[in-house]
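These notes concern the structure reproduced below.
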Amino acid sequence: MLISELGLNQVAGLQRMSNPKPVQVISVTSGKGGVGKTNASANIAISLASQGKDVLLLDADFGLANIDVLLGIKATNNLSHVINGERTLEEIMVRGPGGIRIIPASSGVKDMVKLNHAEHAGVIRAFSELSFNPDVLLIDTAAGITDSVVTFIKASHEVIVVVCDEPASITDAYAMIKLLSREHGMHRFRILANMVNSAQEGIELYKNLVKVTDQFLDVALSYIGAVPYDDYLKKAIKKQKAVVDAYPRSKSAISFKKIAQKTSHWPVPKLASGGIEFFVEKLFKNFNEKAATAYE
């Protein structure tokens, strides 16, 4: 096929695939709901953007998508329209605070693991046709341990596990780390302590989790910080704004900014496999493995 017969976006996609820009792919996840995972995802994304990063935030919670609601953004289209071939990925993107780009999902979108071959191909094509590569692709996964969550995590370079000081949160976080370690060969996780009463409480929460993982699992946990659940965070949620945007001097906002600063210093993937294509290829490799297992 002649280059002139290709769309401009396809040409741009081919050019990037031959010389991809390194993209840091980070999943933000949790063993259970209610621990502030989506709030953390949004505030880290906006904080990274304020530090000069080009950030793409993917809402990967297909059962309870709510990043647009959290930030008070109206998304006319979502990932289901891309899957159905009605829109391109860039057409459904919406701009958020700080200039971040958001790929909205929608409650009730078919689980990505359950897409057929043609739908998989459509999503792969949608990513390859992007006219840009961000510095960071931040993925807000669903809570819990589902096939979709595991697939997104396995396709990422880094995994942030959000926990709070509740027995159920710690137990479920451990269960998730155990599954990813023993069944999927993952051994490195970043821990974010959320909604704590003090910095020391966050450290103790992390230490308690490490005690258990050191005893039973072959994993390395690293602590990236704690976020207090202050009154300004509550006010920001009611305003449908990120606390780093609404109350930048609050304790929780400062904590999110410090955590984002840490993530910006994590190792960047090698150029040869660091573009969005790396994420997409690995993502659908995992999808295909799950599909093959289902038919065994």
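By order of appearance in the structure tokens: chains A, B, ..., then residues from 1 within every chain, and ligands from 1 in the order shown.
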Against range 186-204 of chain A, which residues of range 31-60 of chain A fall within 12 Å? For each one I want the closest pair of atoms and the distance in Å (one decimal), counting only C-alpha atoms, rows by chain and increasing residue number, as a Markdown table.
```
| residue | atom | partner | partner_atom | distance |
| --- | --- | --- | --- | --- |
| A:Gly31 | CA | A:Ile191 | CA | 11.9 |
| A:Gly34 | CA | A:Met195 | CA | 10.4 |
| A:Val35 | CA | A:Asn194 | CA | 6.9 |
| A:Gly36 | CA | A:Asn194 | CA | 6.9 |
| A:Lys37 | CA | A:Asn194 | CA | 8.5 |
| A:Thr38 | CA | A:Asn194 | CA | 11.4 |
| A:Asn39 | CA | A:Asn194 | CA | 10.0 |
| A:Ala40 | CA | A:Asn194 | CA | 8.3 |
| A:Ser41 | CA | A:Leu192 | CA | 11.1 |
| A:Ile44 | CA | A:Leu192 | CA | 11.3 |
```
Just write the chosen residues, C-alpha atoms, as an mmCIF file, in the first residue's frame.
```cif
data_model
loop_
_atom_site.group_PDB
_atom_site.id
_atom_site.type_symbol
_atom_site.label_atom_id
_atom_site.label_comp_id
_atom_site.auth_asym_id
_atom_site.auth_seq_id
_atom_site.Cartn_x
_atom_site.Cartn_y
_atom_site.Cartn_z
ATOM 1 C CA GLY A 31 -7.409 -4.979 46.759
ATOM 2 C CA GLY A 34 -13.411 2.497 49.108
ATOM 3 C CA VAL A 35 -9.718 3.174 49.717
ATOM 4 C CA GLY A 36 -9.483 6.272 47.498
ATOM 5 C CA LYS A 37 -7.785 4.646 44.494
ATOM 6 C CA THR A 38 -9.445 6.793 41.821
ATOM 7 C CA ASN A 39 -8.876 9.950 43.848
ATOM 8 C CA ALA A 40 -5.207 9.023 44.107
ATOM 9 C CA SER A 41 -5.006 8.341 40.355
ATOM 10 C CA ILE A 44 -1.154 12.009 40.914
#
```
Please return, as a ChimeraX atom specification, all residues of range 51-239 of chain A that DSSP assigns to strand (DSSP E) on the basis of the backbone.
/A:55-60,94-95,101-103,136-141,158-163,188-196,220-228
Include N, CA and C atoms and write out the residues we just selected as a CSV table (one decimal), in the first residue's frame.
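What follows is the written file again_21.csv:
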```csv
chain,number,residue,atom,x,y,z
A,55,VAL,N,0.6,13.8,30.4
A,55,VAL,CA,-0.1,12.7,31.1
A,55,VAL,C,-1.4,12.2,30.4
A,56,LEU,N,-1.5,10.9,30.2
A,56,LEU,CA,-2.7,10.3,29.7
A,56,LEU,C,-3.3,9.4,30.8
A,57,LEU,N,-4.5,9.7,31.2
A,57,LEU,CA,-5.1,8.9,32.3
A,57,LEU,C,-6.2,8.1,31.7
A,58,LEU,N,-6.1,6.8,31.9
A,58,LEU,CA,-7.0,5.8,31.4
A,58,LEU,C,-7.9,5.3,32.5
A,59,ASP,N,-9.2,5.5,32.4
A,59,ASP,CA,-10.2,5.0,33.3
A,59,ASP,C,-10.5,3.5,32.9
A,60,ALA,N,-9.9,2.6,33.6
A,60,ALA,CA,-10.0,1.2,33.2
A,60,ALA,C,-10.9,0.4,34.2
A,94,VAL,N,-10.9,13.5,26.7
A,94,VAL,CA,-11.3,14.8,27.2
A,94,VAL,C,-10.2,15.4,28.0
A,95,ARG,N,-10.1,16.7,28.0
A,95,ARG,CA,-9.1,17.4,28.8
A,95,ARG,C,-9.5,17.6,30.2
A,101,ARG,N,-4.9,14.5,29.7
A,101,ARG,CA,-5.8,13.9,28.8
A,101,ARG,C,-6.5,12.7,29.5
A,102,ILE,N,-7.8,12.5,29.3
A,102,ILE,CA,-8.5,11.4,30.0
A,102,ILE,C,-9.2,10.5,29.0
A,103,ILE,N,-9.0,9.2,29.0
A,103,ILE,CA,-9.7,8.3,28.2
A,103,ILE,C,-10.8,7.7,29.1
A,136,VAL,N,3.7,9.8,30.4
A,136,VAL,CA,3.1,8.9,31.4
A,136,VAL,C,1.7,8.4,31.0
A,137,LEU,N,1.5,7.1,31.0
A,137,LEU,CA,0.2,6.6,30.9
A,137,LEU,C,-0.2,6.0,32.2
A,138,LEU,N,-1.2,6.7,32.9
A,138,LEU,CA,-1.6,6.3,34.2
A,138,LEU,C,-2.9,5.6,34.1
A,139,ILE,N,-3.0,4.4,34.7
A,139,ILE,CA,-4.2,3.5,34.5
A,139,ILE,C,-4.9,3.4,35.9
A,140,ASP,N,-6.1,3.8,35.9
A,140,ASP,CA,-6.9,3.6,37.1
A,140,ASP,C,-7.7,2.3,36.9
A,141,THR,N,-7.2,1.3,37.6
A,141,THR,CA,-7.9,0.0,37.4
A,141,THR,C,-9.2,-0.1,38.3
A,158,GLU,N,5.0,-0.2,36.2
A,158,GLU,CA,5.0,0.0,37.6
A,158,GLU,C,3.6,-0.2,38.1
A,159,VAL,N,3.5,-0.6,39.4
A,159,VAL,CA,2.2,-0.9,40.0
A,159,VAL,C,2.1,-0.2,41.4
A,160,ILE,N,1.2,0.7,41.6
A,160,ILE,CA,0.9,1.4,42.8
A,160,ILE,C,-0.3,0.7,43.5
A,161,VAL,N,-0.1,0.1,44.7
A,161,VAL,CA,-1.2,-0.5,45.4
A,161,VAL,C,-1.6,0.5,46.5
A,162,VAL,N,-2.8,0.9,46.5
A,162,VAL,CA,-3.4,1.9,47.4
A,162,VAL,C,-4.0,1.1,48.6
A,163,VAL,N,-3.6,1.4,49.8
A,163,VAL,CA,-4.1,0.7,51.0
A,163,VAL,C,-4.5,1.8,52.0
A,188,ARG,N,7.5,-6.8,42.2
A,188,ARG,CA,7.8,-5.5,42.7
A,188,ARG,C,6.5,-4.6,42.7
A,189,PHE,N,6.3,-4.0,43.9
A,189,PHE,CA,5.1,-3.2,44.1
A,189,PHE,C,5.4,-2.0,44.9
A,190,ARG,N,4.7,-0.9,44.5
A,190,ARG,CA,4.8,0.4,45.2
A,190,ARG,C,3.6,0.5,46.1
A,191,ILE,N,3.8,0.9,47.4
A,191,ILE,CA,2.7,1.0,48.3
A,191,ILE,C,2.4,2.5,48.7
A,192,LEU,N,1.1,2.8,48.5
A,192,LEU,CA,0.7,4.2,48.9
A,192,LEU,C,-0.3,4.0,50.0
A,193,ALA,N,0.0,4.6,51.2
A,193,ALA,CA,-0.9,4.6,52.3
A,193,ALA,C,-1.9,5.8,52.2
A,194,ASN,N,-3.2,5.5,52.1
A,194,ASN,CA,-4.1,6.6,51.9
A,194,ASN,C,-5.1,6.7,53.1
A,195,MET,N,-5.6,7.9,53.3
A,195,MET,CA,-6.5,8.3,54.3
A,195,MET,C,-6.0,7.9,55.7
A,196,VAL,N,-4.8,8.3,56.0
A,196,VAL,CA,-4.2,8.0,57.3
A,196,VAL,C,-4.3,9.3,58.2
A,220,ALA,N,9.2,-7.6,46.5
A,220,ALA,CA,9.8,-6.4,47.1
A,220,ALA,C,8.8,-5.2,47.1
A,221,LEU,N,8.5,-4.8,48.3
A,221,LEU,CA,7.6,-3.6,48.4
A,221,LEU,C,8.4,-2.4,48.6
A,222,SER,N,8.0,-1.3,48.1
A,222,SER,CA,8.6,0.0,48.3
A,222,SER,C,7.5,1.0,48.7
A,223,TYR,N,7.8,1.8,49.7
A,223,TYR,CA,6.9,2.8,50.2
A,223,TYR,C,7.0,4.1,49.5
A,224,ILE,N,5.9,4.7,48.9
A,224,ILE,CA,6.0,5.9,48.2
A,224,ILE,C,5.4,7.1,48.9
A,225,GLY,N,4.8,6.8,50.1
A,225,GLY,CA,4.2,7.9,50.9
A,225,GLY,C,2.8,7.7,51.4
A,226,ALA,N,2.4,8.6,52.2
A,226,ALA,CA,1.1,8.6,52.8
A,226,ALA,C,0.3,9.8,52.5
A,227,VAL,N,-1.0,9.7,52.4
A,227,VAL,CA,-1.9,10.8,52.2
A,227,VAL,C,-2.9,10.9,53.3
A,228,PRO,N,-3.0,12.1,54.0
A,228,PRO,CA,-4.0,12.2,55.1
A,228,PRO,C,-5.3,12.5,54.5
```
Using only C-alpha atoms, which of A:Asp165, A:Glu86, A:Glu129, A:Glu119 sits nearest Lys207 in chain A?
A:Asp165
List the neighbours of Gln240 in chain A out to 8 Å using only C-alpha atoms; skip same-chain residues closer than 5 positions along the sequence, and give me the result as a PDB file with C-alpha atoms, in the first residue's frame.
```
ATOM      1  CA  VAL A  69     -17.610  12.306  37.752  1.00  0.00           C
ATOM      2  CA  LEU A  70     -14.828  12.836  40.307  1.00  0.00           C
ATOM      3  CA  LEU A  71     -13.400  15.714  38.276  1.00  0.00           C
ATOM      4  CA  GLY A  72     -16.749  17.180  37.201  1.00  0.00           C
TER       5      GLY A  72
END
```
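Taking CA of Ser255 in chain A as the reference point, CA of Ile276 in chain A is found at 28.5 Å.
Nearest residue to Asn286 in chain A among A:Ser148, A:Ser80, A:Gln261, A:Ser128 is A:Ser148, counting only C-alpha atoms.
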Quick one: residues within 9 Å of range 243-252 of chain A, only C-alpha atoms, excluding same-chain residues fewer than 5 positions away - as a PyMOL selection string?
chain A and resi 39+43-44+46-47+97-98+195+226-237+257
Using only N, CA and C atoms, please write the residues we just selected to a file, as a tab-separated table (two decimals), in the first residue's frame.
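Below is the file that was written, again-v6.tsv:
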```tsv
chain	number	residue	atom	x	y	z
A	39	ASN	N	-9.30	8.63	43.38
A	39	ASN	CA	-8.88	9.95	43.85
A	39	ASN	C	-7.37	10.08	43.76
A	43	ASN	N	-5.29	12.73	41.28
A	43	ASN	CA	-4.40	13.73	41.88
A	43	ASN	C	-2.94	13.52	41.50
A	44	ILE	N	-2.52	12.28	41.36
A	44	ILE	CA	-1.15	12.01	40.91
A	44	ILE	C	-0.99	12.46	39.46
A	46	ILE	N	-2.65	14.82	37.81
A	46	ILE	CA	-2.63	16.28	37.72
A	46	ILE	C	-1.32	16.84	38.28
A	47	SER	N	-0.82	16.23	39.34
A	47	SER	CA	0.45	16.67	39.93
A	47	SER	C	1.60	16.44	38.95
A	97	PRO	N	-8.06	18.84	34.46
A	97	PRO	CA	-7.25	19.87	35.12
A	97	PRO	C	-5.77	19.70	34.82
A	98	GLY	N	-5.08	20.82	34.64
A	98	GLY	CA	-3.65	20.76	34.38
A	98	GLY	C	-3.30	20.32	32.98
A	195	MET	N	-5.57	7.94	53.28
A	195	MET	CA	-6.54	8.27	54.33
A	195	MET	C	-6.01	7.92	55.73
A	226	ALA	N	2.38	8.64	52.20
A	226	ALA	CA	1.05	8.56	52.81
A	226	ALA	C	0.28	9.84	52.52
A	227	VAL	N	-1.03	9.70	52.41
A	227	VAL	CA	-1.91	10.84	52.17
A	227	VAL	C	-2.93	10.93	53.29
A	228	PRO	N	-2.97	12.07	54.00
A	228	PRO	CA	-3.97	12.22	55.07
A	228	PRO	C	-5.34	12.51	54.49
A	229	TYR	N	-6.37	12.05	55.17
A	229	TYR	CA	-7.73	12.34	54.74
A	229	TYR	C	-8.18	13.59	55.49
A	230	ASP	N	-7.85	14.77	54.96
A	230	ASP	CA	-8.17	16.02	55.65
A	230	ASP	C	-9.50	16.60	55.16
A	231	ASP	N	-9.92	17.65	55.84
A	231	ASP	CA	-11.20	18.28	55.50
A	231	ASP	C	-11.20	18.87	54.10
A	232	TYR	N	-10.04	19.35	53.64
A	232	TYR	CA	-9.96	19.94	52.31
A	232	TYR	C	-10.17	18.88	51.23
A	233	LEU	N	-9.75	17.67	51.51
A	233	LEU	CA	-9.97	16.59	50.55
A	233	LEU	C	-11.47	16.31	50.42
A	234	LYS	N	-12.17	16.32	51.55
A	234	LYS	CA	-13.62	16.13	51.53
A	234	LYS	C	-14.30	17.25	50.75
A	235	LYS	N	-13.85	18.48	50.97
A	235	LYS	CA	-14.45	19.63	50.27
A	235	LYS	C	-14.21	19.54	48.77
A	236	ALA	N	-13.02	19.10	48.38
A	236	ALA	CA	-12.68	18.98	46.97
A	236	ALA	C	-13.57	17.95	46.28
A	237	ILE	N	-13.80	16.83	46.96
A	237	ILE	CA	-14.65	15.76	46.42
A	237	ILE	C	-16.07	16.29	46.20
A	257	LYS	N	1.50	15.65	45.68
A	257	LYS	CA	2.56	16.25	44.86
A	257	LYS	C	3.91	15.58	45.13
```
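Within 10 Å of Val280 in chain A, once only C-alpha atoms are used and residues closer than 5 positions along the same chain are dropped, the contacting residues are Val123, Ile124, Arg125, Ala126, Phe127, Ser128, Phe152, Ala155, Ser156, Gly275, Lys285 and Asn286 of chain A.
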Those residues you just picked out, can you put them in a file as an mmCIF file, in the first residue's frame with C-alpha atoms?
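Output saved as result.cif:
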```cif
data_model
loop_
_atom_site.group_PDB
_atom_site.id
_atom_site.type_symbol
_atom_site.label_atom_id
_atom_site.label_comp_id
_atom_site.auth_asym_id
_atom_site.auth_seq_id
_atom_site.Cartn_x
_atom_site.Cartn_y
_atom_site.Cartn_z
ATOM 1 C CA VAL A 123 -8.449 -1.138 20.268
ATOM 2 C CA ILE A 124 -4.894 -1.984 19.155
ATOM 3 C CA ARG A 125 -5.406 0.101 16.011
ATOM 4 C CA ALA A 126 -6.846 2.955 18.086
ATOM 5 C CA PHE A 127 -3.701 3.147 20.228
ATOM 6 C CA SER A 128 -1.332 2.798 17.265
ATOM 7 C CA PHE A 152 -3.812 -4.152 32.947
ATOM 8 C CA ALA A 155 0.952 -4.722 30.964
ATOM 9 C CA SER A 156 2.338 -1.893 33.130
ATOM 10 C CA GLY A 275 6.186 3.448 23.494
ATOM 11 C CA LYS A 285 -0.730 -10.733 24.807
ATOM 12 C CA ASN A 286 -2.230 -11.131 28.264
#
```
DSSP on the backbone, alpha helix (DSSP H) only: what residues of range 7-194 of chain A does that give? Format it as a count of residues only.
74
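Here CA of Ser169 in chain A and CA of Lys32 in chain A stand 6.1 Å from one another.
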